[in-house]
Amino acid sequence: MQYHIWTVGCQMNVADSKKLASGLDKLGWSEVGEPEGADLVVLNTCSIRDHAEQRAVSKLGALKKLRGKGSDFKIAVMGCMVGPRTDDLQKRFPYVDAFAQPQNFDPIMEAIGYDEMGGEFWPSMFVRAESPTAYVPIVHGCDKFCTYCIVPYRRGRERSRAVDEIYEEVAHLAATGVREVTLLGQTVEAYGHDLDEQPDLGDLLRELHDIDGIARFRFLTSYPKDMTERIIDAVAELPKVCEYFNIPVQSGDNGVLERMARGYTIELYREKVDLIRSKMPDAAITTDLIVGFCGETDQEFQHSYELLEELQFDKVHVAAYSDRPGTIAHRKLEDDIPHETKMARLHRIEQLEAGISARINSGYLAREVEVLVEGTKPRPDGAEQLYGRNRQNKLVHFAGAAAPGDLVTVCIENTSPWSLVGAAVGAAEAAATR
Ligand code: SF4
């Protein structure tokens, strides 16, 4: 039997899809790259923006057509489009066989005839390793209820996995060739508060640090208020933990942050960035920003613009606000910023950030950086070129001889706002001989 999984959205969705794939593999199924010929097609969806949801809806339309041509296969929808109640979805898409909330794979398994998986089947199923890098969820769900966000309603409250279970999974990944592990949580520093001994993310990183074969750890996504000095110290002290932080700020204006119910002020956010930079001057910090949130005035937007100028992030993921049914903002605030204004603000941020990223990246010129090789990609002239990421998570293309999983020292010869280009210097630390 064959399955096909289509995934959009965040890294947590990617990890969920891999977990489902690992379970199906264990049952003797095999994965195919296209829906054609599959016995099961799963769409792992995202609801964070209307655009992401529309992509899933159009995929569903294509699958309906494929069925109409006589193909016989089951269709499952999982991820953040699926809430606790599925009546509406069932009405809109009556041809779908299963709707599954994030990480609840049971409805999918039932649709393909596995009614009783046993209580240990999914908890002991680890994400499968396909490359030298892997995502490992450590805390599921979110308790923060930011007014624009659907995640807490779809993924539930924060639930941390036990340290032993995570250790076992990371050791298993190391044994199958993974060299870099990114620990995932919607708010990753919330890890542990619900466990008996209340370990924090720093304690977990210290536990995992001695696992042979893993050369690097990262973690995503940070929540400014939960990020403590203790955690920052662990990152600074542990050699395998990369100096890379993604800390969504969402707005540079305290009034907007309050309407978003983000739970911190710009002053607190700035303190965290300063603390990181004082302990790790070489750290890369990226952020997420929403423009055009309900009632955002020109002046409030200007505060976001000025904050980016001031804090000089390595990268900004900027999005125009998109009203999502089911959120607090949808019920209580008005999505009153015209589309053109949102887009104009978005472009201003993109332009500003391109300049900042170009300046920061040009600082790598003639420097030697450590790159974990992920694979090869064709250059514009068609020749294959190695690529990977440095410790600051910057994409590096380079010439040299190395294999995926090798750690290579690369001298940077060219930079752009989006990537670095260079050549390998010295021998690679081969994955197999480390
Ligand atoms: S912290 Fe806010 S934005 Fe992030 S997942 Fe939780 S509710 Fe959504």
# chains A, B, ... in the order shown; residues from 1 in each chain; ligands from 1

call {"tool": "closest_atom_pairs", "arguments": {"of": "chain A", "to": "ligand 1", "cutoff": "12 Å", "atoms": "only C-alpha atoms and all ligand atoms", "output": "JSON lines"}}
result
{"residue": "A:Cys10", "atom": "CA", "partner": "ligand 1", "partner_atom_place_in_ligand_line": "5 (S)", "distance": 10.5}
{"residue": "A:Met12", "atom": "CA", "partner": "ligand 1", "partner_atom_place_in_ligand_line": "5 (S)", "distance": 10.9}
{"residue": "A:Ser47", "atom": "CA", "partner": "ligand 1", "partner_atom_place_in_ligand_line": "8 (Fe)", "distance": 11.0}
{"residue": "A:Ile48", "atom": "CA", "partner": "ligand 1", "partner_atom_place_in_ligand_line": "8 (Fe)", "distance": 8.6}
{"residue": "A:Arg49", "atom": "CA", "partner": "ligand 1", "partner_atom_place_in_ligand_line": "8 (Fe)", "distance": 11.9}
{"residue": "A:Cys80", "atom": "CA", "partner": "ligand 1", "partner_atom_place_in_ligand_line": "5 (S)", "distance": 11.2}
{"residue": "A:Val139", "atom": "CA", "partner": "ligand 1", "partner_atom_place_in_ligand_line": "5 (S)", "distance": 11.6}
{"residue": "A:His140", "atom": "CA", "partner": "ligand 1", "partner_atom_place_in_ligand_line": "5 (S)", "distance": 10.0}
{"residue": "A:Gly141", "atom": "CA", "partner": "ligand 1", "partner_atom_place_in_ligand_line": "5 (S)", "distance": 7.5}
{"residue": "A:Cys142", "atom": "CA", "partner": "ligand 1", "partner_atom_place_in_ligand_line": "6 (Fe)", "distance": 4.7}
{"residue": "A:Asp143", "atom": "CA", "partner": "ligand 1", "partner_atom_place_in_ligand_line": "6 (Fe)", "distance": 6.3}
{"residue": "A:Lys144", "atom": "CA", "partner": "ligand 1", "partner_atom_place_in_ligand_line": "7 (S)", "distance": 4.6}
{"residue": "A:Phe145", "atom": "CA", "partner": "ligand 1", "partner_atom_place_in_ligand_line": "7 (S)", "distance": 4.0}
{"residue": "A:Cys146", "atom": "CA", "partner": "ligand 1", "partner_atom_place_in_ligand_line": "2 (Fe)", "distance": 4.1}
{"residue": "A:Thr147", "atom": "CA", "partner": "ligand 1", "partner_atom_place_in_ligand_line": "7 (S)", "distance": 7.2}
{"residue": "A:Tyr148", "atom": "CA", "partner": "ligand 1", "partner_atom_place_in_ligand_line": "3 (S)", "distance": 7.2}
{"residue": "A:Cys149", "atom": "CA", "partner": "ligand 1", "partner_atom_place_in_ligand_line": "8 (Fe)", "distance": 4.5}
{"residue": "A:Ile150", "atom": "CA", "partner": "ligand 1", "partner_atom_place_in_ligand_line": "8 (Fe)", "distance": 6.4}
{"residue": "A:Val151", "atom": "CA", "partner": "ligand 1", "partner_atom_place_in_ligand_line": "8 (Fe)", "distance": 5.1}
{"residue": "A:Pro152", "atom": "CA", "partner": "ligand 1", "partner_atom_place_in_ligand_line": "7 (S)", "distance": 5.7}
{"residue": "A:Tyr153", "atom": "CA", "partner": "ligand 1", "partner_atom_place_in_ligand_line": "7 (S)", "distance": 8.8}
{"residue": "A:Arg154", "atom": "CA", "partner": "ligand 1", "partner_atom_place_in_ligand_line": "5 (S)", "distance": 9.9}
{"residue": "A:Arg155", "atom": "CA", "partner": "ligand 1", "partner_atom_place_in_ligand_line": "5 (S)", "distance": 8.8}
{"residue": "A:Gly156", "atom": "CA", "partner": "ligand 1", "partner_atom_place_in_ligand_line": "6 (Fe)", "distance": 10.0}
{"residue": "A:Arg157", "atom": "CA", "partner": "ligand 1", "partner_atom_place_in_ligand_line": "6 (Fe)", "distance": 9.4}
{"residue": "A:Glu158", "atom": "CA", "partner": "ligand 1", "partner_atom_place_in_ligand_line": "6 (Fe)", "distance": 9.3}
{"residue": "A:Leu184", "atom": "CA", "partner": "ligand 1", "partner_atom_place_in_ligand_line": "5 (S)", "distance": 11.8}
{"residue": "A:Gly185", "atom": "CA", "partner": "ligand 1", "partner_atom_place_in_ligand_line": "5 (S)", "distance": 8.7}
{"residue": "A:Gln186", "atom": "CA", "partner": "ligand 1", "partner_atom_place_in_ligand_line": "5 (S)", "distance": 5.0}
{"residue": "A:Thr187", "atom": "CA", "partner": "ligand 1", "partner_atom_place_in_ligand_line": "1 (S)", "distance": 5.8}
{"residue": "A:Val188", "atom": "CA", "partner": "ligand 1", "partner_atom_place_in_ligand_line": "1 (S)", "distance": 9.5}
{"residue": "A:Glu189", "atom": "CA", "partner": "ligand 1", "partner_atom_place_in_ligand_line": "1 (S)", "distance": 10.7}
{"residue": "A:Ala190", "atom": "CA", "partner": "ligand 1", "partner_atom_place_in_ligand_line": "1 (S)", "distance": 9.9}
{"residue": "A:Leu220", "atom": "CA", "partner": "ligand 1", "partner_atom_place_in_ligand_line": "4 (Fe)", "distance": 11.0}
{"residue": "A:Thr221", "atom": "CA", "partner": "ligand 1", "partner_atom_place_in_ligand_line": "4 (Fe)", "distance": 8.1}
{"residue": "A:Ser222", "atom": "CA", "partner": "ligand 1", "partner_atom_place_in_ligand_line": "1 (S)", "distance": 8.7}
{"residue": "A:Tyr223", "atom": "CA", "partner": "ligand 1", "partner_atom_place_in_ligand_line": "1 (S)", "distance": 6.5}
{"residue": "A:Pro224", "atom": "CA", "partner": "ligand 1", "partner_atom_place_in_ligand_line": "1 (S)", "distance": 9.5}
{"residue": "A:Lys225", "atom": "CA", "partner": "ligand 1", "partner_atom_place_in_ligand_line": "1 (S)", "distance": 10.0}
{"residue": "A:Asp226", "atom": "CA", "partner": "ligand 1", "partner_atom_place_in_ligand_line": "1 (S)", "distance": 10.2}
{"residue": "A:Asn246", "atom": "CA", "partner": "ligand 1", "partner_atom_place_in_ligand_line": "4 (Fe)", "distance": 12.0}
{"residue": "A:Ile247", "atom": "CA", "partner": "ligand 1", "partner_atom_place_in_ligand_line": "4 (Fe)", "distance": 10.3}
{"residue": "A:Pro248", "atom": "CA", "partner": "ligand 1", "partner_atom_place_in_ligand_line": "4 (Fe)", "distance": 8.4}
{"residue": "A:Val249", "atom": "CA", "partner": "ligand 1", "partner_atom_place_in_ligand_line": "3 (S)", "distance": 10.0}
{"residue": "A:Gln250", "atom": "CA", "partner": "ligand 1", "partner_atom_place_in_ligand_line": "3 (S)", "distance": 8.6}
{"residue": "A:Ser251", "atom": "CA", "partner": "ligand 1", "partner_atom_place_in_ligand_line": "3 (S)", "distance": 11.9}
{"residue": "A:Leu257", "atom": "CA", "partner": "ligand 1", "partner_atom_place_in_ligand_line": "2 (Fe)", "distance": 11.0}
{"residue": "A:Met260", "atom": "CA", "partner": "ligand 1", "partner_atom_place_in_ligand_line": "2 (Fe)", "distance": 8.5}
{"residue": "A:Ala261", "atom": "CA", "partner": "ligand 1", "partner_atom_place_in_ligand_line": "2 (Fe)", "distance": 8.2}
{"residue": "A:Arg262", "atom": "CA", "partner": "ligand 1", "partner_atom_place_in_ligand_line": "2 (Fe)", "distance": 6.6}
{"residue": "A:Gly263", "atom": "CA", "partner": "ligand 1", "partner_atom_place_in_ligand_line": "2 (Fe)", "distance": 9.3}
{"residue": "A:Tyr264", "atom": "CA", "partner": "ligand 1", "partner_atom_place_in_ligand_line": "1 (S)", "distance": 11.3}
{"residue": "A:Asp288", "atom": "CA", "partner": "ligand 1", "partner_atom_place_in_ligand_line": "3 (S)", "distance": 9.9}
{"residue": "A:Leu289", "atom": "CA", "partner": "ligand 1", "partner_atom_place_in_ligand_line": "3 (S)", "distance": 10.7}
{"residue": "A:Ile290", "atom": "CA", "partner": "ligand 1", "partner_atom_place_in_ligand_line": "3 (S)", "distance": 10.5}
{"residue": "A:Arg324", "atom": "CA", "partner": "ligand 1", "partner_atom_place_in_ligand_line": "8 (Fe)", "distance": 11.8}
{"residue": "A:Thr327", "atom": "CA", "partner": "ligand 1", "partner_atom_place_in_ligand_line": "7 (S)", "distance": 9.6}
{"residue": "A:Ile328", "atom": "CA", "partner": "ligand 1", "partner_atom_place_in_ligand_line": "7 (S)", "distance": 10.4}
{"residue": "A:Ala329", "atom": "CA", "partner": "ligand 1", "partner_atom_place_in_ligand_line": "7 (S)", "distance": 11.6}

call {"tool": "residues_around", "arguments": {"residues": "A:Val371", "least_positions_apart": "6", "cutoff": "6 Å", "atoms": "only C-alpha atoms", "output": "PyMOL selection string"}}
result
chain A and resi 388-390+407-408

call {"tool": "write_last_selection", "arguments": {"atoms": "N, CA, C and O atoms", "output": "PDB file, in the first residue's frame"}}
result
ATOM      1  N   GLY A 388      24.807  24.117   2.840  1.00  0.00           N
ATOM      2  CA  GLY A 388      24.528  23.758   4.226  1.00  0.00           C
ATOM      3  C   GLY A 388      24.297  25.043   4.999  1.00  0.00           C
ATOM      4  O   GLY A 388      24.076  26.098   4.400  1.00  0.00           O
ATOM      5  N   ARG A 389      24.350  24.945   6.335  1.00  0.00           N
ATOM      6  CA  ARG A 389      24.131  26.150   7.150  1.00  0.00           C
ATOM      7  C   ARG A 389      25.273  26.324   8.140  1.00  0.00           C
ATOM      8  O   ARG A 389      25.832  25.334   8.612  1.00  0.00           O
ATOM      9  N   ASN A 390      25.565  27.595   8.450  1.00  0.00           N
ATOM     10  CA  ASN A 390      26.569  27.830   9.481  1.00  0.00           C
ATOM     11  C   ASN A 390      25.862  27.830  10.836  1.00  0.00           C
ATOM     12  O   ASN A 390      24.655  27.592  10.921  1.00  0.00           O
ATOM     13  N   LEU A 407      31.009  18.182   8.635  1.00  0.00           N
ATOM     14  CA  LEU A 407      31.217  19.565   9.099  1.00  0.00           C
ATOM     15  C   LEU A 407      32.422  20.115   8.356  1.00  0.00           C
ATOM     16  O   LEU A 407      33.499  19.526   8.405  1.00  0.00           O
ATOM     17  N   VAL A 408      32.245  21.210   7.648  1.00  0.00           N
ATOM     18  CA  VAL A 408      33.296  21.736   6.779  1.00  0.00           C
ATOM     19  C   VAL A 408      33.581  23.184   7.160  1.00  0.00           C
ATOM     20  O   VAL A 408      32.668  23.938   7.489  1.00  0.00           O
TER      21      VAL A 408
END

call {"tool": "residues_around", "arguments": {"residues": "A:Ser416", "least_positions_apart": "4", "cutoff": "8 Å", "atoms": "only C-alpha atoms", "output": "list in words"}}
result
Ser357, Ala358, Asn361, Ser362 and Leu420 of chain A

call {"tool": "write_last_selection", "arguments": {"atoms": "C-alpha atoms", "output": "PDB file, in the first residue's frame"}}
result
ATOM      1  CA  SER A 357      20.554  41.557   6.147  1.00  0.00           C
ATOM      2  CA  ALA A 358      22.955  42.606   3.370  1.00  0.00           C
ATOM      3  CA  ASN A 361      25.961  39.172   5.947  1.00  0.00           C
ATOM      4  CA  SER A 362      28.724  41.265   4.374  1.00  0.00           C
ATOM      5  CA  LEU A 420      26.704  33.316   1.718  1.00  0.00           C
TER       6      LEU A 420
END

call {"tool": "residues_around", "arguments": {"residues": "A:Leu311", "least_positions_apart": "3", "cutoff": "10 Å", "atoms": "only C-alpha atoms", "output": "number ranges by chain"}}
result
A: 270, 273-274, 285, 306-308, 314, 356

call {"tool": "residues_around", "arguments": {"residues": "A:Glu296", "least_positions_apart": "6", "cutoff": "10 Å", "atoms": "only C-alpha atoms", "output": "PyMOL selection string"}}
result
chain A and resi 251+253+255-256+259+302+335-337+342

call {"tool": "residues_around", "arguments": {"residues": "A:Leu60", "least_positions_apart": "2", "cutoff": "9 Å", "atoms": "only C-alpha atoms", "output": "number ranges by chain"}}
result
A: 43, 55-58, 62-65, 75, 77, 93, 96

call {"tool": "write_last_selection", "arguments": {"atoms": "C-alpha atoms", "output": "PDB file, in the first residue's frame"}}
result
ATOM      1  CA  LEU A  43      -3.059  16.980   3.525  1.00  0.00           C
ATOM      2  CA  ARG A  55      -3.823  26.231  -0.821  1.00  0.00           C
ATOM      3  CA  ALA A  56      -5.244  23.221   1.027  1.00  0.00           C
ATOM      4  CA  VAL A  57      -8.728  23.928  -0.331  1.00  0.00           C
ATOM      5  CA  SER A  58      -7.408  23.991  -3.882  1.00  0.00           C
ATOM      6  CA  ALA A  62      -7.701  18.560  -7.311  1.00  0.00           C
ATOM      7  CA  LEU A  63      -8.049  15.357  -5.265  1.00  0.00           C
ATOM      8  CA  LYS A  64     -11.820  15.356  -5.803  1.00  0.00           C
ATOM      9  CA  LYS A  65     -11.192  15.541  -9.551  1.00  0.00           C
ATOM     10  CA  ILE A  75      -8.345  11.374   1.601  1.00  0.00           C
ATOM     11  CA  VAL A  77      -7.063  16.262   6.259  1.00  0.00           C
ATOM     12  CA  PHE A  93     -15.775  18.501   1.949  1.00  0.00           C
ATOM     13  CA  VAL A  96     -12.906  13.547   2.750  1.00  0.00           C
TER      14      VAL A  96
END

call {"tool": "closest_residue", "arguments": {"among": "A:Arg218, A:His303, A:Lys74, A:His193", "to": "A:Val136", "atoms": "only C-alpha atoms"}}
result
A:Arg218

call {"tool": "closest_residue", "arguments": {"among": "A:Asp200, A:Glu180, A:Glu53, A:Glu34", "to": "A:Ala129", "atoms": "only C-alpha atoms"}}
result
A:Glu180

call {"tool": "closest_residue", "arguments": {"among": "A:Thr176, A:Thr182, A:Gln312, A:Ser131", "to": "A:Pro404", "atoms": "only C-alpha atoms"}}
result
A:Ser131

call {"tool": "residues_around", "arguments": {"residues": "A:Ala403", "least_positions_apart": "3", "cutoff": "8 Å", "atoms": "only C-alpha atoms", "output": "list in words"}}
result
Val373, Glu374, Gly375, Asp406 and Ala430 of chain A

call {"tool": "select_by_dssp", "arguments": {"residues": "stretch 136-277 of chain A", "states": "helix (DSSP H, G or I)", "output": "ChimeraX atom specification"}}
result
/A:151-155,163-175,188-190,201-208,224-226,229-237,254-260,266-277

call {"tool": "closest_residue", "arguments": {"among": "A:Glu368, A:Glu243, A:Asp282, A:Asp164", "to": "A:Val396", "atoms": "only C-alpha atoms"}}
result
A:Glu368

call {"tool": "closest_residue", "arguments": {"among": "A:Glu169, A:His330, A:Trp418, A:Leu40", "to": "A:Ile108", "atoms": "only C-alpha atoms"}}
result
A:Leu40

call {"tool": "closest_residue", "arguments": {"among": "A:Gln385, A:Glu267, A:Gln392, A:Phe217", "to": "A:Phe245", "atoms": "only C-alpha atoms"}}
result
A:Gln392

call {"tool": "atom_distance", "arguments": {"atom1": "atom CA of A:Ala320", "atom2": "atom CA of A:Thr286"}}
result
17.5 Å

call {"tool": "atom_distance", "arguments": {"atom1": "atom CA of A:Ala76", "atom2": "atom CA of A:Val41"}}
result
6.2 Å

call {"tool": "select_by_dssp", "arguments": {"residues": "stretch 109-271 of chain A", "states": "strand (DSSP E)", "output": "ChimeraX atom specification"}}
result
/A:133-140,159-160,180-185,216-220,244-246

call {"tool": "atom_distance", "arguments": {"atom1": "atom CA of A:Ala423", "atom2": "atom CA of A:Ala399"}}
result
4.7 Å

call {"tool": "decode", "arguments": {"residues": "stretch 207-223 of chain A", "atoms": "N, CA, C and O atoms", "output": "PDB file, in the first residue's frame"}}
result
ATOM      1  N   GLU A 207      21.177  17.981  29.319  1.00  0.00           N
ATOM      2  CA  GLU A 207      20.983  16.517  29.303  1.00  0.00           C
ATOM      3  C   GLU A 207      21.351  15.920  27.959  1.00  0.00           C
ATOM      4  O   GLU A 207      21.981  14.887  27.859  1.00  0.00           O
ATOM      5  N   LEU A 208      20.882  16.584  26.886  1.00  0.00           N
ATOM      6  CA  LEU A 208      21.039  16.014  25.542  1.00  0.00           C
ATOM      7  C   LEU A 208      22.448  16.202  24.992  1.00  0.00           C
ATOM      8  O   LEU A 208      22.850  15.513  24.058  1.00  0.00           O
ATOM      9  N   HIS A 209      23.177  17.137  25.600  1.00  0.00           N
ATOM     10  CA  HIS A 209      24.440  17.590  25.020  1.00  0.00           C
ATOM     11  C   HIS A 209      25.457  16.477  24.823  1.00  0.00           C
ATOM     12  O   HIS A 209      26.254  16.492  23.897  1.00  0.00           O
ATOM     13  N   ASP A 210      25.425  15.453  25.694  1.00  0.00           N
ATOM     14  CA  ASP A 210      26.478  14.417  25.616  1.00  0.00           C
ATOM     15  C   ASP A 210      26.149  13.314  24.598  1.00  0.00           C
ATOM     16  O   ASP A 210      26.879  12.350  24.473  1.00  0.00           O
ATOM     17  N   ILE A 211      25.060  13.443  23.867  1.00  0.00           N
ATOM     18  CA  ILE A 211      24.716  12.365  22.930  1.00  0.00           C
ATOM     19  C   ILE A 211      25.719  12.364  21.774  1.00  0.00           C
ATOM     20  O   ILE A 211      25.850  13.348  21.046  1.00  0.00           O
ATOM     21  N   ASP A 212      26.433  11.238  21.643  1.00  0.00           N
ATOM     22  CA  ASP A 212      27.458  11.116  20.601  1.00  0.00           C
ATOM     23  C   ASP A 212      26.843  11.235  19.224  1.00  0.00           C
ATOM     24  O   ASP A 212      25.769  10.706  18.978  1.00  0.00           O
ATOM     25  N   GLY A 213      27.563  11.893  18.329  1.00  0.00           N
ATOM     26  CA  GLY A 213      27.099  11.954  16.942  1.00  0.00           C
ATOM     27  C   GLY A 213      26.358  13.236  16.639  1.00  0.00           C
ATOM     28  O   GLY A 213      26.418  13.741  15.522  1.00  0.00           O
ATOM     29  N   ILE A 214      25.657  13.785  17.615  1.00  0.00           N
ATOM     30  CA  ILE A 214      24.977  15.069  17.369  1.00  0.00           C
ATOM     31  C   ILE A 214      26.016  16.182  17.535  1.00  0.00           C
ATOM     32  O   ILE A 214      26.649  16.298  18.585  1.00  0.00           O
ATOM     33  N   ALA A 215      26.155  16.983  16.471  1.00  0.00           N
ATOM     34  CA  ALA A 215      27.155  18.045  16.505  1.00  0.00           C
ATOM     35  C   ALA A 215      26.538  19.389  16.881  1.00  0.00           C
ATOM     36  O   ALA A 215      27.220  20.290  17.365  1.00  0.00           O
ATOM     37  N   ARG A 216      25.238  19.518  16.613  1.00  0.00           N
ATOM     38  CA  ARG A 216      24.596  20.819  16.840  1.00  0.00           C
ATOM     39  C   ARG A 216      23.172  20.658  17.372  1.00  0.00           C
ATOM     40  O   ARG A 216      22.452  19.754  16.936  1.00  0.00           O
ATOM     41  N   PHE A 217      22.799  21.591  18.234  1.00  0.00           N
ATOM     42  CA  PHE A 217      21.405  21.723  18.657  1.00  0.00           C
ATOM     43  C   PHE A 217      20.919  23.139  18.349  1.00  0.00           C
ATOM     44  O   PHE A 217      21.687  24.101  18.453  1.00  0.00           O
ATOM     45  N   ARG A 218      19.655  23.220  17.959  1.00  0.00           N
ATOM     46  CA  ARG A 218      18.981  24.508  17.852  1.00  0.00           C
ATOM     47  C   ARG A 218      17.629  24.356  18.531  1.00  0.00           C
ATOM     48  O   ARG A 218      17.209  23.236  18.842  1.00  0.00           O
ATOM     49  N   PHE A 219      16.903  25.455  18.664  1.00  0.00           N
ATOM     50  CA  PHE A 219      15.540  25.369  19.201  1.00  0.00           C
ATOM     51  C   PHE A 219      14.690  26.474  18.614  1.00  0.00           C
ATOM     52  O   PHE A 219      15.176  27.550  18.264  1.00  0.00           O
ATOM     53  N   LEU A 220      13.410  26.210  18.456  1.00  0.00           N
ATOM     54  CA  LEU A 220      12.423  27.108  17.852  1.00  0.00           C
ATOM     55  C   LEU A 220      11.079  26.882  18.527  1.00  0.00           C
ATOM     56  O   LEU A 220      10.803  25.729  18.853  1.00  0.00           O
ATOM     57  N   THR A 221      10.217  27.801  18.623  1.00  0.00           N
ATOM     58  CA  THR A 221      10.292  29.223  18.433  1.00  0.00           C
ATOM     59  C   THR A 221      10.285  29.891  19.804  1.00  0.00           C
ATOM     60  O   THR A 221       9.574  29.442  20.696  1.00  0.00           O
ATOM     61  N   SER A 222      11.054  30.952  19.948  1.00  0.00           N
ATOM     62  CA  SER A 222      11.173  31.560  21.269  1.00  0.00           C
ATOM     63  C   SER A 222      10.009  32.494  21.577  1.00  0.00           C
ATOM     64  O   SER A 222       9.451  33.119  20.681  1.00  0.00           O
ATOM     65  N   TYR A 223       9.683  32.566  22.849  1.00  0.00           N
ATOM     66  CA  TYR A 223       8.654  33.492  23.319  1.00  0.00           C
ATOM     67  C   TYR A 223       9.350  34.414  24.330  1.00  0.00           C
ATOM     68  O   TYR A 223       9.845  33.941  25.352  1.00  0.00           O
TER      69      TYR A 223
END
